[in-house]
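Peer 1: Contents are mmCIF, C-alpha atoms; file name work30.cif:
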```
data_target
loop_
_atom_site.label_atom_id
_atom_site.label_comp_id
_atom_site.auth_asym_id
_atom_site.auth_seq_id
_atom_site.Cartn_x
_atom_site.Cartn_y
_atom_site.Cartn_z
CA MET R 1 0.00 0.00 0.00
CA LEU R 2 1.14 3.51 -0.84
CA GLN R 3 0.25 6.50 1.31
CA VAL R 4 0.65 9.77 -0.56
CA ALA R 5 -0.23 13.41 -0.04
CA LEU R 6 -1.10 15.60 -3.03
CA THR R 7 -1.58 19.35 -3.14
CA VAL R 8 -4.67 20.80 -4.77
CA SER R 9 -2.67 21.66 -7.90
CA ALA R 10 -1.24 18.14 -8.10
CA CYS R 11 -4.78 16.76 -7.75
CA LYS R 12 -5.93 18.93 -10.66
CA ARG R 13 -3.07 17.57 -12.77
CA LEU R 14 -3.96 14.01 -11.75
CA ILE R 15 -7.61 14.47 -12.75
CA ALA R 16 -6.52 15.98 -16.07
CA LYS R 17 -4.24 13.06 -16.91
CA GLY R 18 -7.07 10.66 -16.08
CA ILE R 19 -9.63 12.50 -18.22
CA VAL R 20 -7.42 12.19 -21.30
CA LEU R 21 -7.68 8.40 -21.06
CA HIS R 22 -11.38 8.34 -20.15
CA PRO R 23 -12.98 5.85 -22.58
CA GLU R 24 -15.68 8.30 -23.71
CA ILE R 25 -13.13 11.07 -24.27
CA GLN R 26 -11.04 8.67 -26.31
CA LYS R 27 -14.09 7.82 -28.42
CA ALA R 28 -15.06 11.44 -28.98
CA ILE R 29 -11.68 13.10 -29.32
CA GLN R 30 -11.26 12.40 -33.05
CA SER R 31 -14.84 11.97 -34.18
CA HIS R 32 -17.12 14.31 -32.24
CA ILE R 33 -17.26 17.60 -30.36
CA ILE R 34 -15.74 18.09 -26.91
CA VAL R 35 -16.37 21.35 -25.07
CA ILE R 36 -14.09 22.10 -22.13
CA VAL R 37 -15.86 24.81 -20.16
CA ALA R 38 -13.54 27.33 -18.50
CA GLY R 39 -12.57 26.51 -14.92
CA THR R 40 -9.38 25.96 -12.98
CA THR R 41 -9.41 22.15 -13.01
CA ASN R 42 -10.55 22.22 -16.63
CA GLY R 43 -7.54 24.40 -17.45
CA TYR R 44 -5.30 21.46 -16.61
CA ILE R 45 -7.58 19.20 -18.65
CA ALA R 46 -7.43 21.51 -21.67
CA GLU R 47 -3.66 21.61 -21.37
CA GLU R 48 -3.37 17.80 -21.23
CA ILE R 49 -5.84 17.13 -24.05
CA LEU R 50 -4.27 19.72 -26.35
CA LYS R 51 -0.85 18.23 -25.64
CA TYR R 52 -2.26 14.78 -26.44
CA LEU R 53 -3.56 16.16 -29.75
CA GLY R 54 -0.14 17.54 -30.63
CA TYR R 55 -0.63 21.25 -29.90
CA GLU R 56 2.72 22.62 -28.77
CA GLU R 57 1.89 26.22 -27.88
CA PRO R 58 1.48 26.97 -24.15
CA PHE R 59 -2.12 27.00 -22.93
CA PRO R 60 -3.05 29.94 -20.62
CA LYS R 61 -4.68 27.80 -17.94
CA ASN R 62 -4.10 30.46 -15.27
CA ARG R 63 -6.68 32.67 -17.02
CA PHE R 64 -9.04 29.86 -17.96
CA PHE R 65 -11.94 30.67 -15.66
CA ARG R 66 -15.01 32.86 -15.43
CA GLY R 67 -14.99 33.13 -11.65
CA VAL R 68 -12.67 32.01 -8.86
CA THR R 69 -12.65 31.94 -5.08
CA LEU R 70 -9.85 34.09 -3.69
CA PRO R 71 -8.59 34.60 -0.11
CA PRO R 72 -9.92 37.68 1.69
CA TRP R 73 -6.61 39.52 1.46
CA CYS R 74 -6.59 39.44 -2.34
CA SER R 75 -8.05 42.51 -3.97
CA THR R 76 -10.62 41.40 -6.50
CA THR R 77 -10.40 44.84 -8.10
CA GLU R 78 -6.74 44.22 -8.89
CA ILE R 79 -6.82 40.52 -9.81
CA GLY R 80 -10.43 40.24 -10.88
CA ARG R 81 -12.85 37.40 -10.38
CA ILE R 82 -13.52 37.40 -14.10
CA PRO R 83 -10.57 37.75 -16.50
CA ASP R 84 -10.81 40.55 -19.01
CA GLU R 85 -11.38 39.69 -22.65
CA THR R 86 -7.76 40.24 -23.62
CA ASN R 87 -6.57 37.50 -21.25
CA PHE R 88 -9.51 35.07 -21.23
CA PRO R 89 -8.95 32.39 -23.91
CA GLY R 90 -12.61 31.32 -23.95
CA ASP R 91 -13.83 27.76 -23.59
CA VAL R 92 -11.94 25.10 -25.52
CA VAL R 93 -14.09 23.69 -28.34
CA LEU R 94 -12.61 20.62 -30.04
CA VAL R 95 -14.28 19.48 -33.27
CA LYS R 96 -12.95 16.10 -34.40
CA GLY R 97 -9.66 16.83 -32.66
CA HIS R 98 -9.32 20.37 -34.03
CA TRP R 99 -9.30 23.30 -31.62
CA GLU R 100 -11.83 25.86 -32.86
CA LYS R 101 -10.10 28.88 -31.35
CA GLY R 102 -12.33 31.82 -30.51
CA LYS R 103 -15.44 29.71 -30.02
CA ASN R 104 -17.07 29.13 -26.65
CA LEU R 105 -19.79 26.94 -25.21
CA PHE R 106 -22.57 29.32 -26.27
CA ASP R 107 -21.43 29.25 -29.89
CA VAL R 108 -21.82 25.48 -30.23
CA VAL R 109 -24.17 24.24 -27.51
CA GLN R 110 -27.22 24.17 -29.80
CA GLN R 111 -25.50 21.86 -32.28
CA LEU R 112 -24.26 19.32 -29.73
CA THR R 113 -25.71 15.82 -30.05
CA GLN R 114 -25.74 12.51 -28.21
CA ASN R 115 -22.15 11.62 -29.13
CA ASP R 116 -20.66 14.92 -27.98
CA ILE R 117 -19.19 15.69 -24.54
CA ILE R 118 -19.18 18.69 -22.23
CA LEU R 119 -16.62 18.94 -19.42
CA LYS R 120 -17.78 21.27 -16.66
CA GLY R 121 -16.30 21.68 -13.17
CA ALA R 122 -18.20 22.03 -9.89
CA ASN R 123 -18.13 23.87 -6.57
CA ALA R 124 -19.50 21.17 -4.29
CA LEU R 125 -19.27 17.39 -4.26
CA ASP R 126 -21.44 14.87 -2.46
CA VAL R 127 -18.93 12.00 -2.48
CA LYS R 128 -21.29 9.34 -1.16
CA ASN R 129 -23.99 9.92 -3.75
CA ARG R 130 -21.61 11.09 -6.51
CA ARG R 131 -23.50 14.31 -7.12
CA ALA R 132 -22.16 17.78 -7.76
CA GLY R 133 -23.43 21.28 -7.12
CA ILE R 134 -22.52 24.42 -9.04
CA PHE R 135 -22.64 28.06 -7.97
CA VAL R 136 -24.57 30.28 -10.38
CA ALA R 137 -24.05 34.03 -10.52
CA HIS R 138 -25.59 34.85 -13.91
CA PRO R 139 -29.31 35.73 -13.91
CA GLN R 140 -29.93 33.34 -16.83
CA GLY R 141 -28.06 30.43 -15.29
CA GLY R 142 -24.61 30.96 -16.78
CA THR R 143 -22.84 28.09 -18.51
CA ILE R 144 -24.70 25.38 -16.64
CA GLY R 145 -27.98 27.02 -17.64
CA ALA R 146 -26.98 26.52 -21.27
CA ILE R 147 -25.62 23.02 -20.70
CA ILE R 148 -28.60 21.35 -19.05
CA PRO R 149 -30.99 21.58 -22.05
CA ALA R 150 -28.36 19.83 -24.17
CA VAL R 151 -27.84 17.13 -21.54
CA ILE R 152 -31.52 16.53 -20.81
CA GLY R 153 -32.95 17.34 -24.22
CA ARG R 154 -30.36 15.77 -26.55
CA ARG R 155 -28.46 13.33 -24.31
CA VAL R 156 -25.15 15.16 -24.61
CA ARG R 157 -22.75 13.56 -22.13
CA LEU R 158 -21.78 15.77 -19.18
CA ILE R 159 -18.60 14.83 -17.34
CA ILE R 160 -17.87 16.73 -14.13
CA PRO R 161 -14.16 16.69 -13.20
CA VAL R 162 -14.04 17.77 -9.55
CA GLY R 163 -11.43 17.46 -6.83
CA LEU R 164 -12.23 15.87 -3.49
CA GLU R 165 -11.22 19.15 -1.84
CA LYS R 166 -14.77 20.26 -2.75
CA ARG R 167 -16.49 17.52 -0.76
CA ILE R 168 -19.40 18.56 1.42
CA TYR R 169 -21.74 16.56 3.60
CA GLY R 170 -25.12 18.22 3.31
CA ASN R 171 -27.98 17.20 1.05
CA LEU R 172 -27.49 19.10 -2.20
CA ASP R 173 -31.21 19.56 -2.79
CA ASN R 174 -31.73 20.98 0.70
CA ILE R 175 -28.77 23.30 0.24
CA ALA R 176 -30.22 24.51 -3.06
CA MET R 177 -33.55 25.28 -1.35
CA LYS R 178 -31.77 27.46 1.22
CA ILE R 179 -29.33 29.17 -1.13
CA ASN R 180 -31.95 29.86 -3.82
CA ALA R 181 -34.58 31.24 -1.43
CA THR R 182 -36.11 34.56 -2.47
CA ASN R 183 -34.67 36.33 0.59
CA ALA R 184 -31.14 34.97 0.13
CA THR R 185 -28.14 36.81 -1.28
CA GLY R 186 -24.97 35.73 -3.06
CA PRO R 187 -24.57 33.02 -5.71
CA ARG R 188 -27.35 30.57 -6.42
CA PHE R 189 -26.80 26.80 -6.20
CA PHE R 190 -27.69 24.12 -8.73
CA PRO R 191 -27.37 20.35 -8.11
CA VAL R 192 -26.32 18.93 -11.46
CA PRO R 193 -26.81 15.50 -13.09
CA GLY R 194 -23.58 14.29 -14.64
CA GLU R 195 -20.72 11.81 -14.42
CA ILE R 196 -18.42 12.62 -11.49
CA PHE R 197 -14.68 12.19 -12.08
CA THR R 198 -12.32 12.63 -9.11
CA GLU R 199 -8.73 11.84 -8.20
CA ILE R 200 -9.81 8.35 -7.16
CA ASP R 201 -11.31 7.70 -10.59
CA ALA R 202 -8.14 9.02 -12.23
CA ILE R 203 -5.88 6.72 -10.21
CA LYS R 204 -8.05 3.71 -11.05
CA LEU R 205 -8.10 4.55 -14.75
CA LEU R 206 -4.39 5.34 -15.01
CA THR R 207 -3.00 2.49 -12.91
CA GLY R 208 -5.73 -0.05 -12.13
CA ALA R 209 -5.15 0.49 -8.41
CA ASP R 210 -7.78 1.40 -5.84
CA ALA R 211 -7.44 4.64 -3.89
CA GLU R 212 -9.11 5.80 -0.68
CA LEU R 213 -9.15 9.25 0.88
CA ILE R 214 -7.62 8.89 4.36
CA GLY R 215 -6.80 12.44 5.40
CA ALA R 216 -6.61 16.06 4.36
CA GLY R 217 -5.10 19.42 5.14
CA GLY R 218 -1.73 21.11 5.30
CA VAL R 219 0.10 24.42 5.48
CA ASN R 220 2.79 26.36 3.60
CA GLY R 221 1.22 25.68 0.21
CA ALA R 222 -0.34 22.35 1.13
CA GLU R 223 -3.62 23.87 2.33
CA GLY R 224 -6.42 21.62 1.08
CA ALA R 225 -3.99 18.78 0.35
CA LEU R 226 -5.37 15.23 0.27
CA TRP R 227 -3.91 12.01 1.67
CA PHE R 228 -4.61 8.83 -0.30
CA ALA R 229 -4.04 5.17 0.45
CA ILE R 230 -3.45 3.35 -2.84
CA THR R 231 -3.65 -0.43 -3.04
CA GLY R 232 -3.26 -2.95 -5.84
CA ASP R 233 -0.98 -5.67 -7.08
CA ALA R 234 2.75 -5.02 -7.43
CA GLY R 235 2.44 -3.71 -10.98
CA GLN R 236 -0.44 -1.39 -10.15
CA GLU R 237 1.32 0.02 -7.11
CA HIS R 238 4.48 0.58 -9.16
CA LYS R 239 2.46 2.46 -11.78
CA SER R 240 0.85 4.50 -9.03
CA ASP R 241 4.21 5.33 -7.50
CA GLU R 242 5.53 6.51 -10.87
CA LEU R 243 2.34 8.50 -11.50
CA ILE R 244 2.56 10.27 -8.14
CA LYS R 245 6.25 11.07 -8.60
CA GLY R 246 5.40 12.70 -11.91
CA ILE R 247 2.80 15.09 -10.50
CA GLN R 248 3.65 15.68 -6.83
CA ASP R 249 5.80 18.74 -7.56
CA GLU R 250 3.09 20.50 -9.60
CA PRO R 251 3.43 24.27 -8.95
CA ILE R 252 0.74 26.06 -6.99
CA PHE R 253 -1.99 27.54 -9.19
CA THR R 254 -1.75 31.33 -9.27
CA ILE R 255 -3.56 34.00 -11.27
#
```
As C-alpha cells - that is how I would like this structure written.
Peer 2:
Amino acid sequence: MLQVALTVSACKRLIAKGIVLHPEIQKAIQSHIIVIVAGTTNGYIAEEILKYLGYEEPFPKNRFFRGVTLPPWCSTTEIGRIPDETNFPGDVVLVKGHWEKGKNLFDVVQQLTQNDIILKGANALDVKNRRAGIFVAHPQGGTIGAIIPAVIGRRVRLIIPVGLEKRIYGNLDNIAMKINATNATGPRFFPVPGEIFTEIDAIKLLTGADAELIGAGGVNGAEGALWFAITGDAGQEHKSDELIKGIQDEPIFTI
C-alpha cells in the first residue's frame, strides 16, 4: 500500500491526466465535439488534451476561468474574479480533434448531439452519492444554464471533473432550497446530473489500483492537500508510484 499526499494543484493535474484516457473522451476526441468549459481544473484538462492532440503552444490555464474563489486579502479589483477579454482564452471547443479557437460553449451548444461531450467543473461534491453542485451568478443560469438543455434534451454527455477538496456533507437539494430562497443573497446553487470524475477515478483509470481518501489538510502551500491510500498488485502500485512522482511537484496555481 502507498500513502501519498497531493496538493490541490497536483490533484488537478492528476484528474486531467485521467480525463485524457477516459474511454468516452477517447471515443469522442477524433470523431465528435468536446467542449471544455472554462474553470481551474478544466484548465489542466485543456492543457493535457491539447498536448495529447499535438498542440505545442502553451495553454493559458491560469486565465481559464469565469470566476474564482480568492482569499480575503486578495483585492478582486486588482486581480479580478472574471478575467478581461484580452486574457480570457474562452472555452476550448474541439471538433474532431481540431481546436476551434475563438469559439465558446454558447457558440456550439445548440449543435451538440448525443455523441458529444461537455466537461464542466463544480463547486461542491457529495462524495457518497456522486453528485455535484454548481454556484450560479448569472441571472440566466450561466454556462450550466446553457448546458442542461443539451444534456436533458439531446443526451449530450456531461462529465464533471471535480477534486475531493470540494467535498461537502449536506444534502445538495436541501442546500439549493436554502441558497436559492427569495430572501437569500450571493450566488445561487444548482445540483447537477452528470458523471463525477475525481482523483480516485483518475488513479483507477491510469494504474488499475484502488485509492481511498484517508486524510486532508496542510500548510505552507499544502492547504487543502489530500492524503490517499493506494492499493493494488505489485504492478499497479508501481504504476501508481511513478504517477505520483510525476505530479507531486506540480506548482501552486496562481492568477
Peer 1: Which of these, R:Gly208, R:Pro251, R:Gly186, R:Pro60, has the shortest distance to R:Ile230 once you count only C-alpha atoms?
Peer 2: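 Closest residue, counting only C-alpha atoms: R:Gly208.
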Peer 1: Excluding same-chain residues fewer than 3 positions from R:Pro193, what lies within 8 Å of it counting only C-alpha atoms, as a list in words?
Peer 2: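 Contacts, in chain order: Arg131, Ala132 and Leu158 of chain R.
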Peer 1: Pull out every residue that the PyMOL selection byres ((chain R and resi 40) around 12) matches in the shown coordinates and put them as a ChimeraX atom specification.
Peer 2: /R:8-9,11-13,15-16,36-39,41-47,60-69,91,119-123,161-163,252-255
Peer 1: How many Å separate atom CA of R:Asp126 from atom CA of R:Gly170?
Peer 2: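 Straight-line distance from atom CA of R:Asp126 to atom CA of R:Gly170 works out to 7.6 Å.
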Peer 1: Could you tell me which of R:Leu6, R:Ile34, R:Met1, R:Ile244 comes closest to R:Gly215 if we count only C-alpha atoms?
Peer 2: R:Leu6
Peer 1: My list of candidates is R:Val156, R:Gly54, R:Ile134, R:Gln140. Which is closest to R:Leu112 when distances are computed with all atoms listed in the file?
Peer 2: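 Of the candidates, the smallest distance to R:Leu112 is held by R:Val156.
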Peer 1: Using the chain letters and numbers from this file, what does the PyMOL selection byres ((chain R and resi 236) around 10) select? Give the answer as a list in words.
Peer 2: Ile203, Lys204, Leu206, Thr207, Gly208, Ala209, Asp210, Ile230, Thr231, Gly232, Asp233, Ala234, Gly235, Glu237, His238, Lys239, Ser240, Asp241 and Glu242 of chain R
Peer 1: Excluding R:Ile117 and residues on its chain fewer than 4 positions from it, collect all residues at most 10 Å away from it, counting all atoms listed in the file, and give them as a PDB file with C-alpha atoms, in the coordinates of the input.
Peer 2:
```
ATOM      1  CA  GLU R  24     -15.680   8.300 -23.710  1.00  0.00           C
ATOM      2  CA  ILE R  25     -13.130  11.070 -24.270  1.00  0.00           C
ATOM      3  CA  ALA R  28     -15.060  11.440 -28.980  1.00  0.00           C
ATOM      4  CA  ILE R  29     -11.680  13.100 -29.320  1.00  0.00           C
ATOM      5  CA  HIS R  32     -17.120  14.310 -32.240  1.00  0.00           C
ATOM      6  CA  ILE R  33     -17.260  17.600 -30.360  1.00  0.00           C
ATOM      7  CA  ILE R  34     -15.740  18.090 -26.910  1.00  0.00           C
ATOM      8  CA  VAL R  35     -16.370  21.350 -25.070  1.00  0.00           C
ATOM      9  CA  ILE R  36     -14.090  22.100 -22.130  1.00  0.00           C
ATOM     10  CA  LEU R  94     -12.610  20.620 -30.040  1.00  0.00           C
ATOM     11  CA  LEU R 112     -24.260  19.320 -29.730  1.00  0.00           C
ATOM     12  CA  THR R 113     -25.710  15.820 -30.050  1.00  0.00           C
ATOM     13  CA  VAL R 151     -27.840  17.130 -21.540  1.00  0.00           C
ATOM     14  CA  ARG R 155     -28.460  13.330 -24.310  1.00  0.00           C
ATOM     15  CA  VAL R 156     -25.150  15.160 -24.610  1.00  0.00           C
ATOM     16  CA  ARG R 157     -22.750  13.560 -22.130  1.00  0.00           C
ATOM     17  CA  LEU R 158     -21.780  15.770 -19.180  1.00  0.00           C
ATOM     18  CA  ILE R 159     -18.600  14.830 -17.340  1.00  0.00           C
TER      19      ILE R 159
END
```
Peer 1: Measuring between all atoms listed in the file, which one of R:Ala137, R:Leu105, R:Ala124, R:Val4 shows the shortest distance to R:Leu164?
Peer 2: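 Selected residue with least distance to R:Leu164: R:Ala124.
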Peer 1: Residue by residue, what does the PyMOL selection byres ((chain R and resi 213) around 7) grab here? Present the result as an MDAnalysis selection string.
Peer 2: chainID R and resid 211:212 214:215 227:229
Peer 1: Would you work out the distance separating atom CA of R:Phe135 from atom CA of R:Thr198, expressed in Å to one decimal?
Peer 2: 18.6 Å
Peer 1: From the list R:Glu100, R:Glu165, R:Glu56, R:Glu195, which residue is nearest R:Ile19 when using only C-alpha atoms?
Peer 2: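 Comparing R:Glu100, R:Glu165, R:Glu56, R:Glu195 against R:Ile19, the winner is R:Glu195.
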Peer 1: Find, counting only C-alpha atoms, the residue in R:Lys51, R:Lys27, R:Lys166, R:Lys245 that gets nearest to R:Glu199.
Peer 2: R:Lys166
Peer 1: Quick one: residues within 8 Å of R:Gly18, all atoms listed in the file, excluding same-chain residues fewer than 4 positions away - as a PDB file with C-alpha atoms, in the coordinates of the input?
Peer 2:
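What landed in around_7.pdb:
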```pdb
ATOM      1  CA  LEU R  14      -3.960  14.010 -11.750  1.00  0.00           C
ATOM      2  CA  HIS R  22     -11.380   8.340 -20.150  1.00  0.00           C
ATOM      3  CA  ASP R 201     -11.310   7.700 -10.590  1.00  0.00           C
ATOM      4  CA  ALA R 202      -8.140   9.020 -12.230  1.00  0.00           C
ATOM      5  CA  ILE R 203      -5.880   6.720 -10.210  1.00  0.00           C
ATOM      6  CA  LEU R 205      -8.100   4.550 -14.750  1.00  0.00           C
ATOM      7  CA  LEU R 206      -4.390   5.340 -15.010  1.00  0.00           C
TER       8      LEU R 206
END
```
Peer 1: Interatomic distance between atom CA of R:Val20 and atom CA of R:Val95?
Peer 2: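 So the answer is 15.6 Å.
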